[in-house]
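Structure first, commentary second.
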Amino acid sequence: MVLVVDAVLLAVGVLALWIGARLLVTGASRLAGAAGVSALVVGLTVVAFGTSAPEFAVSLEAAFAGQGDVSIGNVVGSNLFNLGVILGLVGILSPFRVTETLVRRDALAMATATAVAALVLLNGAVSRLEGAILLALLGGYLGALGIAIRTASRADGGRLDAAGDGVTVPPLAPDEGVPREIQPTLEGGRVLVGLLLVIGGGRVLIDSAVGLALAVGISEWAVGATIVATGTSLPELVTSVVAVRRGDVGIAAGNVVGSNVFNALGVLGLVAVVQPTAVDPAVFLGIAWLCVLTAFATVVLATGRRLTRLEGLGLVALGAGYWVVSVAL
């Protein structure tokens with residue numbers, strides 16, 4: 001009976017994620033168009049932080065419960081899933097031109113955040129001091145991002161295009177029956193409801209997925225790095241796929257890159273500050289795999305300024321490969 005309930009809740013969580021992602025992307029992209037803010041910036045900040053909320057909640061809860069393997073495994077596994085599966089699928093569904101901003105600043109920030117997180121976890125534990133350093137680095141990245149936005153906005157008359165190149169962004173084509181005029185209050189409410197559904201749906205899905213996994217005897221690290229990581233990354237997956245379908249590749253790519261920065265610096269840092277924890281030696285395989293995947297993704301994004309379908313397939317293969325190896329071990 002418990003398994004049946006978990007299966008039903010799993011379906012409910014997926015439905016809530018899908019509806020919430022549509023609302024989130026619609027509201028965020030329309031507000032970005034009305035304000036002249038780059039869609040990439042929206043993806044890197046508002047959408048990325050919102051879709052990373054499940055990682056924050058689950059990792060903190062696991063740390064408080066003394067489940068360090070689940071907590072850290074969730075961070076490592078989520079970033080692997082984001083880069084491998086999600087960015088790979090974005091490339092397969094809609095090969096896109098990579099902006100100089102994404103390559104020079106944000107992809108570099110993601111690679112740096114991954115390298116720092118790897119160094120922190122080399123001894124199999126993370127302390128409060130290390131957590132504070134990670135949070136400080138996240139604050140520095142957000143501050144630099146804010147300065148870059150203001151500088152570019154002033155240089156281009158206060159408006160940026162979706163690629164951050166200085167051209168006004170028109171609102172996305174409206175859904176059926178939705179007027180083209182942007183109503184900030186309505187769109188702000190849409191974003192809020194979307195975030196709540198994404199976070200709530202992710203939470204329901206995680207609880208039910210973990211219940212099903214533990215019932216069949218999967219280890220805590222495997223649960224954290226695969227089942228929980230996949231569950232907490234579903235908001236990023238759904239949001240990115242919806243964004244691609246709506247033609248907002250900037251939000252999709254920014255969501256992946258921004259989420260990985262938030263996870264590596266914010267989630268890991270907050271967990272360490274609140275509850276210093278040690279993890280299973282299996283973390284070394286996960287970190288090594290993540291570093292390789294991050295390096296590959298960064299090179300791919302910088303090559304020819306375009307992510308192709310073949311490169312997307314390569315990312316998916318690398319991401320899925322870790323999932324298979326982690327479960328097998």
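Following the order of the structure tokens, chains are lettered A, B, ..., residues in each are numbered from 1, and ligands are numbered from 1.
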Contact check, range 5-113 of chain A to range 229-243 of chain A, at most 9 Å, counting only C-alpha atoms, closest pairs as CSV:
```
residue,atom,partner,partner_atom,distance
A:Val14,CA,A:Leu234,CA,8.2
A:Leu17,CA,A:Pro235,CA,6.1
A:Trp18,CA,A:Val238,CA,6.1
A:Gly20,CA,A:Thr239,CA,8.4
A:Ala21,CA,A:Thr239,CA,4.8
A:Arg22,CA,A:Val242,CA,6.3
A:Leu24,CA,A:Thr239,CA,7.7
A:Val25,CA,A:Ala243,CA,6.2
A:Thr26,CA,A:Ala243,CA,8.4
A:Ser29,CA,A:Ala243,CA,8.9
A:Val47,CA,A:Thr239,CA,8.3
A:Ala48,CA,A:Glu236,CA,7.6
A:Gly50,CA,A:Pro235,CA,8.6
A:Thr51,CA,A:Pro235,CA,5.3
A:Ser52,CA,A:Thr232,CA,7.5
A:Ala53,CA,A:Thr232,CA,8.4
A:Pro54,CA,A:Thr232,CA,5.4
A:Glu55,CA,A:Thr232,CA,5.6
A:Val58,CA,A:Thr232,CA,8.0
A:Val70,CA,A:Ala229,CA,9.0
A:Gly73,CA,A:Ala229,CA,7.3
A:Asn74,CA,A:Ala229,CA,4.6
A:Val75,CA,A:Ala229,CA,7.0
A:Val76,CA,A:Ala229,CA,7.9
A:Gly77,CA,A:Ala229,CA,5.0
A:Ser78,CA,A:Ala229,CA,4.5
A:Asn79,CA,A:Ala229,CA,8.2
A:Leu80,CA,A:Ala229,CA,8.7
A:Phe81,CA,A:Thr230,CA,6.7
A:Asn82,CA,A:Ser233,CA,6.7
A:Val85,CA,A:Leu237,CA,8.2
A:Ile86,CA,A:Leu237,CA,5.5
A:Leu87,CA,A:Ser240,CA,8.4
A:Leu89,CA,A:Val241,CA,7.9
A:Val90,CA,A:Val241,CA,6.8
A:Leu93,CA,A:Val241,CA,8.3
```
Could those selected residues go to a file with C-alpha atoms, as a PDB file, in the first residue's frame?
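File out_10.pdb, as written:
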```pdb
ATOM      1  CA  VAL A  14       5.697  15.480 -11.919  1.00  0.00           C
ATOM      2  CA  LEU A  17       6.542  20.480 -11.788  1.00  0.00           C
ATOM      3  CA  TRP A  18       5.299  20.709 -15.352  1.00  0.00           C
ATOM      4  CA  GLY A  20       4.825  25.266 -12.360  1.00  0.00           C
ATOM      5  CA  ALA A  21       7.600  25.338 -14.959  1.00  0.00           C
ATOM      6  CA  ARG A  22       5.244  26.668 -17.634  1.00  0.00           C
ATOM      7  CA  LEU A  24       7.572  30.272 -14.232  1.00  0.00           C
ATOM      8  CA  VAL A  25       9.039  30.526 -17.717  1.00  0.00           C
ATOM      9  CA  THR A  26       6.039  32.439 -19.094  1.00  0.00           C
ATOM     10  CA  SER A  29      10.341  35.787 -19.834  1.00  0.00           C
ATOM     11  CA  VAL A  47      14.849  30.931 -12.657  1.00  0.00           C
ATOM     12  CA  ALA A  48      18.092  29.231 -11.598  1.00  0.00           C
ATOM     13  CA  GLY A  50      13.955  29.056  -8.005  1.00  0.00           C
ATOM     14  CA  THR A  51      14.643  25.698  -9.619  1.00  0.00           C
ATOM     15  CA  SER A  52      17.577  25.123  -7.212  1.00  0.00           C
ATOM     16  CA  ALA A  53      15.291  25.583  -4.196  1.00  0.00           C
ATOM     17  CA  PRO A  54      14.565  21.825  -3.946  1.00  0.00           C
ATOM     18  CA  GLU A  55      18.313  21.152  -3.723  1.00  0.00           C
ATOM     19  CA  VAL A  58      16.538  18.514   0.535  1.00  0.00           C
ATOM     20  CA  VAL A  70      22.359  12.047   0.658  1.00  0.00           C
ATOM     21  CA  GLY A  73      25.381  13.286  -3.174  1.00  0.00           C
ATOM     22  CA  ASN A  74      22.411  15.445  -4.091  1.00  0.00           C
ATOM     23  CA  VAL A  75      24.685  18.404  -4.924  1.00  0.00           C
ATOM     24  CA  VAL A  76      27.149  16.356  -6.989  1.00  0.00           C
ATOM     25  CA  GLY A  77      24.463  14.303  -8.727  1.00  0.00           C
ATOM     26  CA  SER A  78      22.289  17.335  -9.482  1.00  0.00           C
ATOM     27  CA  ASN A  79      25.135  19.175 -11.183  1.00  0.00           C
ATOM     28  CA  LEU A  80      25.987  16.071 -13.199  1.00  0.00           C
ATOM     29  CA  PHE A  81      22.347  15.748 -14.239  1.00  0.00           C
ATOM     30  CA  ASN A  82      22.092  19.455 -15.095  1.00  0.00           C
ATOM     31  CA  VAL A  85      21.116  15.386 -19.274  1.00  0.00           C
ATOM     32  CA  ILE A  86      19.564  18.869 -19.267  1.00  0.00           C
ATOM     33  CA  LEU A  87      22.133  20.896 -21.214  1.00  0.00           C
ATOM     34  CA  LEU A  89      18.807  17.741 -24.169  1.00  0.00           C
ATOM     35  CA  VAL A  90      18.702  21.494 -24.797  1.00  0.00           C
ATOM     36  CA  LEU A  93      16.161  19.814 -29.053  1.00  0.00           C
TER      37      LEU A  93
END
```
Shell of 9 Å around Phe49 in chain A, only C-alpha atoms, local chain residues under 5 positions omitted, as a list in words: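 These residues fall inside the cut-off: Gly43, Leu44, Asn255, Gly258, Ser259 and Phe262 of chain A.
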Near-range 64-68 of chain A list (8 Å; only C-alpha atoms; drop same-chain fewer than 6 positions) as number ranges by chain: A: 220, 275, 277-279
Using C-alpha atoms, can you export the residues from the last selection as a short mmCIF file (atom, residue, chain, number, x, y, z; two decimals), in the first residue's frame?
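Once everything was written out, this is selection_31.cif:
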```cif
data_model
loop_
_atom_site.label_atom_id
_atom_site.label_comp_id
_atom_site.auth_asym_id
_atom_site.auth_seq_id
_atom_site.Cartn_x
_atom_site.Cartn_y
_atom_site.Cartn_z
CA GLU A 220 22.20 6.37 0.79
CA GLN A 275 25.70 21.21 9.66
CA THR A 277 29.30 16.80 7.42
CA ALA A 278 31.45 13.94 6.16
CA VAL A 279 30.60 11.83 3.14
#
```
Spatial neighbours of Asp207 in chain A, 9 Å, only C-alpha atoms, chain gap at least 6 places, as a ChimeraX atom specification: /A:6,9-10,228
Nearest residue to Leu31 in chain A from the set A:Ile72, A:Glu187, A:Leu119, A:Ala107 (distances using only C-alpha atoms): A:Glu187
Contacts of Glu130 in chain A at 8 Å (only C-alpha atoms; same-chain gap of 5+ positions) as a list in words: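 Neighbouring residues, sequence-local ones excluded: Val120, Gly269 and Ala272 of chain A.
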Strand (DSSP E or B) call set, DSSP backbone run, range 125-314 of chain A, as a list in words: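 Result set for range 125-314 of chain A (strand (DSSP E or B)): Ala125, Val126, Thr277, Ala278, Arg306 and Leu307 of chain A.
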Between CA of Thr226 in chain A and CA of Asn263 in chain A, distance in Å (one decimal):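 According to the coordinates, CA of Thr226 in chain A and CA of Asn263 in chain A are separated by 15.4 Å.
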Give me, as a Markdown table, the closest atom pair and its distance (Å, one decimal) for every residue of range 27-111 of chain A within a cut-off of 6 Å of range 307-317 of chain A, counting only C-alpha atoms, rows sorted by chain and rising number.
```
| residue | atom | partner | partner_atom | distance |
| --- | --- | --- | --- | --- |
| A:Gly84 | CA | A:Leu315 | CA | 4.5 |
| A:Val85 | CA | A:Val316 | CA | 4.6 |
| A:Gly88 | CA | A:Gly312 | CA | 3.9 |
| A:Gly91 | CA | A:Gly312 | CA | 4.7 |
| A:Ile92 | CA | A:Arg309 | CA | 4.3 |
| A:Pro95 | CA | A:Thr308 | CA | 5.0 |
| A:Phe96 | CA | A:Leu307 | CA | 5.5 |
```
Selection to disk with N, CA and C atoms, as a compact mmCIF listing (two decimals), in the first residue's frame:
```
# COMPACT_ATOMS: atom_id res chain seq x y z
N GLY A 84 24.88 17.10 -17.90
CA GLY A 84 24.81 15.98 -18.82
C GLY A 84 23.47 15.86 -19.50
N VAL A 85 22.44 15.65 -18.71
CA VAL A 85 21.12 15.39 -19.27
C VAL A 85 20.43 16.65 -19.77
N GLY A 88 22.50 18.77 -22.34
CA GLY A 88 22.55 17.91 -23.51
C GLY A 88 21.23 17.88 -24.26
N GLY A 91 20.66 21.03 -26.19
CA GLY A 91 21.40 21.01 -27.45
C GLY A 91 20.76 20.12 -28.50
N ILE A 92 20.20 18.99 -28.06
CA ILE A 92 19.55 18.07 -29.00
C ILE A 92 18.25 18.67 -29.54
N PRO A 95 19.73 23.21 -31.01
CA PRO A 95 21.12 23.67 -31.04
C PRO A 95 21.14 25.20 -31.02
N PHE A 96 22.00 25.78 -30.21
CA PHE A 96 21.93 27.23 -30.06
C PHE A 96 23.30 27.88 -30.14
```
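Comparing A:Ala215, A:Ala222, A:Ala148, A:Ala32 by their smallest distance to Arg105 in chain A, the closest is A:Ala148 (using only C-alpha atoms).
In terms of minimum interatomic distance to Leu23 in chain A, A:Leu196 ranks closest within A:Ala125, A:Val4, A:Leu196, A:Leu135, counting only C-alpha atoms.
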Based on DSSP run over this structure's backbone, return all residues of range 40-164 of chain A in alpha helix (DSSP H), as a CSV table (one decimal) with N, CA and C atoms, in the first residue's frame.
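Dumped to result-v7.csv:
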```
chain,number,residue,atom,x,y,z
A,40,LEU,N,19.0,35.6,-20.7
A,40,LEU,CA,20.1,34.9,-20.1
A,40,LEU,C,20.3,35.2,-18.6
A,41,VAL,N,20.2,36.5,-18.3
A,41,VAL,CA,20.3,37.0,-16.9
A,41,VAL,C,19.1,36.4,-16.0
A,42,VAL,N,17.9,36.4,-16.6
A,42,VAL,CA,16.8,35.9,-15.9
A,42,VAL,C,17.0,34.4,-15.6
A,48,ALA,N,17.1,30.2,-12.1
A,48,ALA,CA,18.1,29.2,-11.6
A,48,ALA,C,17.9,29.1,-10.1
A,49,PHE,N,17.8,30.2,-9.4
A,49,PHE,CA,17.6,30.1,-7.9
A,49,PHE,C,16.3,29.4,-7.6
A,50,GLY,N,15.2,29.7,-8.3
A,50,GLY,CA,14.0,29.1,-8.0
A,50,GLY,C,14.0,27.6,-8.2
A,51,THR,N,14.6,27.1,-9.3
A,51,THR,CA,14.6,25.7,-9.6
A,51,THR,C,15.7,25.0,-8.8
A,52,SER,N,16.6,25.7,-8.1
A,52,SER,CA,17.6,25.1,-7.2
A,52,SER,C,17.0,25.0,-5.8
A,53,ALA,N,15.9,25.6,-5.5
A,53,ALA,CA,15.3,25.6,-4.2
A,53,ALA,C,15.1,24.2,-3.7
A,54,PRO,N,14.7,23.2,-4.5
A,54,PRO,CA,14.6,21.8,-3.9
A,54,PRO,C,15.9,21.3,-3.5
A,55,GLU,N,17.0,21.6,-4.2
A,55,GLU,CA,18.3,21.2,-3.7
A,55,GLU,C,18.7,21.7,-2.3
A,56,PHE,N,18.3,23.0,-2.2
A,56,PHE,CA,18.6,23.7,-0.9
A,56,PHE,C,17.8,22.9,0.2
A,57,ALA,N,16.5,22.8,0.0
A,57,ALA,CA,15.6,22.2,1.0
A,57,ALA,C,16.0,20.7,1.3
A,58,VAL,N,16.3,19.9,0.3
A,58,VAL,CA,16.5,18.5,0.5
A,58,VAL,C,17.9,18.3,1.2
A,59,SER,N,18.9,19.0,0.7
A,59,SER,CA,20.3,18.9,1.2
A,59,SER,C,20.3,19.3,2.7
A,60,LEU,N,19.6,20.4,3.0
A,60,LEU,CA,19.6,20.8,4.4
A,60,LEU,C,18.9,19.8,5.3
A,61,GLU,N,17.8,19.3,4.8
A,61,GLU,CA,17.0,18.4,5.6
A,61,GLU,C,17.9,17.1,5.8
A,62,ALA,N,18.5,16.6,4.8
A,62,ALA,CA,19.4,15.4,4.9
A,62,ALA,C,20.5,15.7,5.9
A,63,ALA,N,21.1,16.9,5.8
A,63,ALA,CA,22.3,17.2,6.7
A,63,ALA,C,21.8,17.2,8.2
A,64,PHE,N,20.6,17.8,8.4
A,64,PHE,CA,20.1,17.8,9.8
A,64,PHE,C,19.8,16.4,10.3
A,68,GLY,N,24.6,12.7,5.6
A,68,GLY,CA,25.6,13.5,4.8
A,68,GLY,C,25.7,13.0,3.4
A,69,ASP,N,25.7,11.7,3.2
A,69,ASP,CA,25.8,11.1,1.9
A,69,ASP,C,24.7,11.5,0.9
A,70,VAL,N,23.5,11.6,1.5
A,70,VAL,CA,22.4,12.0,0.7
A,70,VAL,C,22.5,13.5,0.3
A,71,SER,N,22.9,14.3,1.4
A,71,SER,CA,23.1,15.7,1.2
A,71,SER,C,24.1,16.1,0.1
A,72,ILE,N,25.3,15.6,0.3
A,72,ILE,CA,26.4,15.9,-0.7
A,72,ILE,C,26.2,15.2,-2.0
A,73,GLY,N,25.7,14.0,-1.9
A,73,GLY,CA,25.4,13.3,-3.2
A,73,GLY,C,24.4,14.0,-4.0
A,74,ASN,N,23.4,14.7,-3.4
A,74,ASN,CA,22.4,15.4,-4.1
A,74,ASN,C,23.0,16.6,-4.9
A,75,VAL,N,24.0,17.3,-4.3
A,75,VAL,CA,24.7,18.4,-4.9
A,75,VAL,C,25.5,17.9,-6.1
A,76,VAL,N,26.3,16.9,-5.9
A,76,VAL,CA,27.1,16.4,-7.0
A,76,VAL,C,26.3,15.8,-8.1
A,77,GLY,N,25.3,14.9,-7.7
A,77,GLY,CA,24.5,14.3,-8.7
A,77,GLY,C,23.6,15.3,-9.5
A,78,SER,N,23.1,16.3,-8.8
A,78,SER,CA,22.3,17.3,-9.5
A,78,SER,C,23.1,18.1,-10.5
A,79,ASN,N,24.3,18.5,-10.2
A,79,ASN,CA,25.1,19.2,-11.2
A,79,ASN,C,25.5,18.3,-12.4
A,80,LEU,N,25.7,17.0,-12.1
A,80,LEU,CA,26.0,16.1,-13.2
A,80,LEU,C,24.8,16.0,-14.1
A,81,PHE,N,23.6,15.9,-13.5
A,81,PHE,CA,22.3,15.7,-14.2
A,81,PHE,C,22.1,17.0,-15.0
A,88,GLY,N,22.5,18.8,-22.3
A,88,GLY,CA,22.6,17.9,-23.5
A,88,GLY,C,21.2,17.9,-24.3
A,89,LEU,N,20.1,17.8,-23.5
A,89,LEU,CA,18.8,17.7,-24.2
A,89,LEU,C,18.5,19.1,-24.8
A,90,VAL,N,18.9,20.2,-24.2
A,90,VAL,CA,18.7,21.5,-24.8
A,90,VAL,C,19.4,21.5,-26.2
A,91,GLY,N,20.7,21.0,-26.2
A,91,GLY,CA,21.4,21.0,-27.4
A,91,GLY,C,20.8,20.1,-28.5
A,92,ILE,N,20.2,19.0,-28.1
A,92,ILE,CA,19.6,18.1,-29.0
A,92,ILE,C,18.3,18.7,-29.5
A,93,LEU,N,17.5,19.3,-28.7
A,93,LEU,CA,16.2,19.8,-29.1
A,93,LEU,C,16.3,21.1,-29.9
A,100,GLU,N,29.0,35.4,-26.1
A,100,GLU,CA,30.3,35.7,-25.5
A,100,GLU,C,30.2,35.8,-24.0
A,101,THR,N,29.1,36.4,-23.5
A,101,THR,CA,28.8,36.6,-22.1
A,101,THR,C,28.8,35.2,-21.4
A,108,LEU,N,32.7,30.2,-17.2
A,108,LEU,CA,33.9,30.2,-16.4
A,108,LEU,C,33.6,30.2,-14.9
A,109,ALA,N,32.5,30.9,-14.5
A,109,ALA,CA,32.1,30.9,-13.1
A,109,ALA,C,31.6,29.5,-12.7
A,110,MET,N,30.9,28.8,-13.6
A,110,MET,CA,30.5,27.5,-13.3
A,110,MET,C,31.7,26.5,-13.1
A,111,ALA,N,32.7,26.6,-14.0
A,111,ALA,CA,33.8,25.8,-14.0
A,111,ALA,C,34.6,26.1,-12.7
A,112,THR,N,34.7,27.3,-12.3
A,112,THR,CA,35.5,27.7,-11.1
A,112,THR,C,34.8,27.2,-9.9
A,113,ALA,N,33.4,27.4,-9.8
A,113,ALA,CA,32.7,26.9,-8.7
A,113,ALA,C,32.8,25.4,-8.5
A,114,THR,N,32.8,24.6,-9.6
A,114,THR,CA,33.0,23.2,-9.6
A,114,THR,C,34.4,22.8,-9.1
A,115,ALA,N,35.4,23.5,-9.5
A,115,ALA,CA,36.8,23.3,-9.1
A,115,ALA,C,36.9,23.5,-7.6
A,116,VAL,N,36.3,24.6,-7.1
A,116,VAL,CA,36.4,25.0,-5.7
A,116,VAL,C,35.7,23.9,-4.8
A,117,ALA,N,34.5,23.5,-5.3
A,117,ALA,CA,33.7,22.5,-4.6
A,117,ALA,C,34.5,21.2,-4.5
A,118,ALA,N,35.2,20.9,-5.6
A,118,ALA,CA,36.0,19.6,-5.6
A,118,ALA,C,37.1,19.7,-4.6
A,119,LEU,N,37.8,20.8,-4.5
A,119,LEU,CA,38.9,21.0,-3.6
A,119,LEU,C,38.4,20.9,-2.1
A,120,VAL,N,37.2,21.5,-1.9
A,120,VAL,CA,36.6,21.4,-0.5
A,120,VAL,C,36.3,20.0,-0.1
A,121,LEU,N,35.9,19.1,-1.1
A,121,LEU,CA,35.4,17.8,-0.8
A,121,LEU,C,36.6,16.7,-0.9
A,128,ARG,N,32.5,24.3,8.5
A,128,ARG,CA,31.8,25.6,8.5
A,128,ARG,C,32.6,26.7,7.8
A,129,LEU,N,33.9,26.7,8.1
A,129,LEU,CA,34.8,27.7,7.4
A,129,LEU,C,34.7,27.5,5.9
A,130,GLU,N,34.8,26.3,5.4
A,130,GLU,CA,34.8,26.1,4.0
A,130,GLU,C,33.4,26.5,3.4
A,131,GLY,N,32.4,26.2,4.2
A,131,GLY,CA,31.0,26.6,3.8
A,131,GLY,C,30.9,28.1,3.7
A,132,ALA,N,31.5,28.8,4.7
A,132,ALA,CA,31.4,30.3,4.6
A,132,ALA,C,32.1,30.8,3.4
A,133,ILE,N,33.3,30.2,3.1
A,133,ILE,CA,34.0,30.6,1.9
A,133,ILE,C,33.2,30.4,0.6
A,134,LEU,N,32.5,29.3,0.5
A,134,LEU,CA,31.7,29.0,-0.6
A,134,LEU,C,30.6,30.0,-0.8
A,135,LEU,N,29.9,30.3,0.4
A,135,LEU,CA,28.8,31.3,0.3
A,135,LEU,C,29.4,32.7,-0.1
A,136,ALA,N,30.6,33.1,0.4
A,136,ALA,CA,31.2,34.3,0.1
A,136,ALA,C,31.5,34.4,-1.4
A,137,LEU,N,31.9,33.3,-2.0
A,137,LEU,CA,32.2,33.3,-3.4
A,137,LEU,C,30.9,33.4,-4.2
A,138,LEU,N,29.8,32.8,-3.7
A,138,LEU,CA,28.5,33.0,-4.4
A,138,LEU,C,28.1,34.4,-4.4
A,139,GLY,N,28.3,35.1,-3.2
A,139,GLY,CA,27.9,36.5,-3.1
A,139,GLY,C,28.8,37.3,-4.1
A,140,GLY,N,30.1,37.0,-4.2
A,140,GLY,CA,30.9,37.7,-5.1
A,140,GLY,C,30.5,37.5,-6.6
A,141,TYR,N,30.1,36.3,-6.9
A,141,TYR,CA,29.6,36.1,-8.3
A,141,TYR,C,28.3,36.9,-8.6
A,142,LEU,N,27.4,36.8,-7.6
A,142,LEU,CA,26.1,37.6,-7.8
A,142,LEU,C,26.4,39.1,-7.9
A,143,GLY,N,27.3,39.6,-7.1
A,143,GLY,CA,27.7,41.0,-7.1
A,143,GLY,C,28.3,41.4,-8.5
A,144,ALA,N,29.2,40.5,-9.0
A,144,ALA,CA,29.8,40.8,-10.3
A,144,ALA,C,28.8,40.7,-11.4
A,145,LEU,N,27.8,39.8,-11.3
A,145,LEU,CA,26.7,39.7,-12.3
A,145,LEU,C,25.9,41.0,-12.2
A,146,GLY,N,25.6,41.5,-11.0
A,146,GLY,CA,24.8,42.7,-10.9
A,146,GLY,C,25.5,43.9,-11.5
A,147,ILE,N,26.8,44.0,-11.3
A,147,ILE,CA,27.6,45.1,-11.8
A,147,ILE,C,27.6,45.0,-13.4
A,148,ALA,N,27.8,43.8,-13.9
A,148,ALA,CA,27.8,43.6,-15.3
A,148,ALA,C,26.5,44.0,-16.0
A,149,ILE,N,25.4,43.6,-15.3
A,149,ILE,CA,24.0,44.0,-15.8
A,149,ILE,C,23.8,45.5,-15.9
A,150,ARG,N,24.2,46.2,-14.8
A,150,ARG,CA,24.0,47.6,-14.7
A,150,ARG,C,24.9,48.3,-15.7
A,151,THR,N,26.1,47.9,-15.9
A,151,THR,CA,27.1,48.5,-16.8
A,151,THR,C,26.6,48.3,-18.3
A,152,ALA,N,26.2,47.1,-18.6
A,152,ALA,CA,25.7,46.8,-20.0
A,152,ALA,C,24.4,47.6,-20.2
A,153,SER,N,23.5,47.7,-19.2
A,153,SER,CA,22.2,48.4,-19.3
A,153,SER,C,22.5,49.9,-19.6
A,154,ARG,N,23.4,50.5,-18.9
A,154,ARG,CA,23.7,51.9,-19.1
A,154,ARG,C,24.3,52.1,-20.5
A,155,ALA,N,25.2,51.2,-20.9
A,155,ALA,CA,25.8,51.4,-22.2
A,155,ALA,C,24.9,51.2,-23.4
```
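Our summary of the geometry notes that CA of Ala209 in chain A is positioned 27.3 Å from CA of Val273 in chain A.
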Point-to-point distance from CA of Ala253 in chain A to CA of Thr294 in chain A, Å rounded to tenths: 14.0 Å
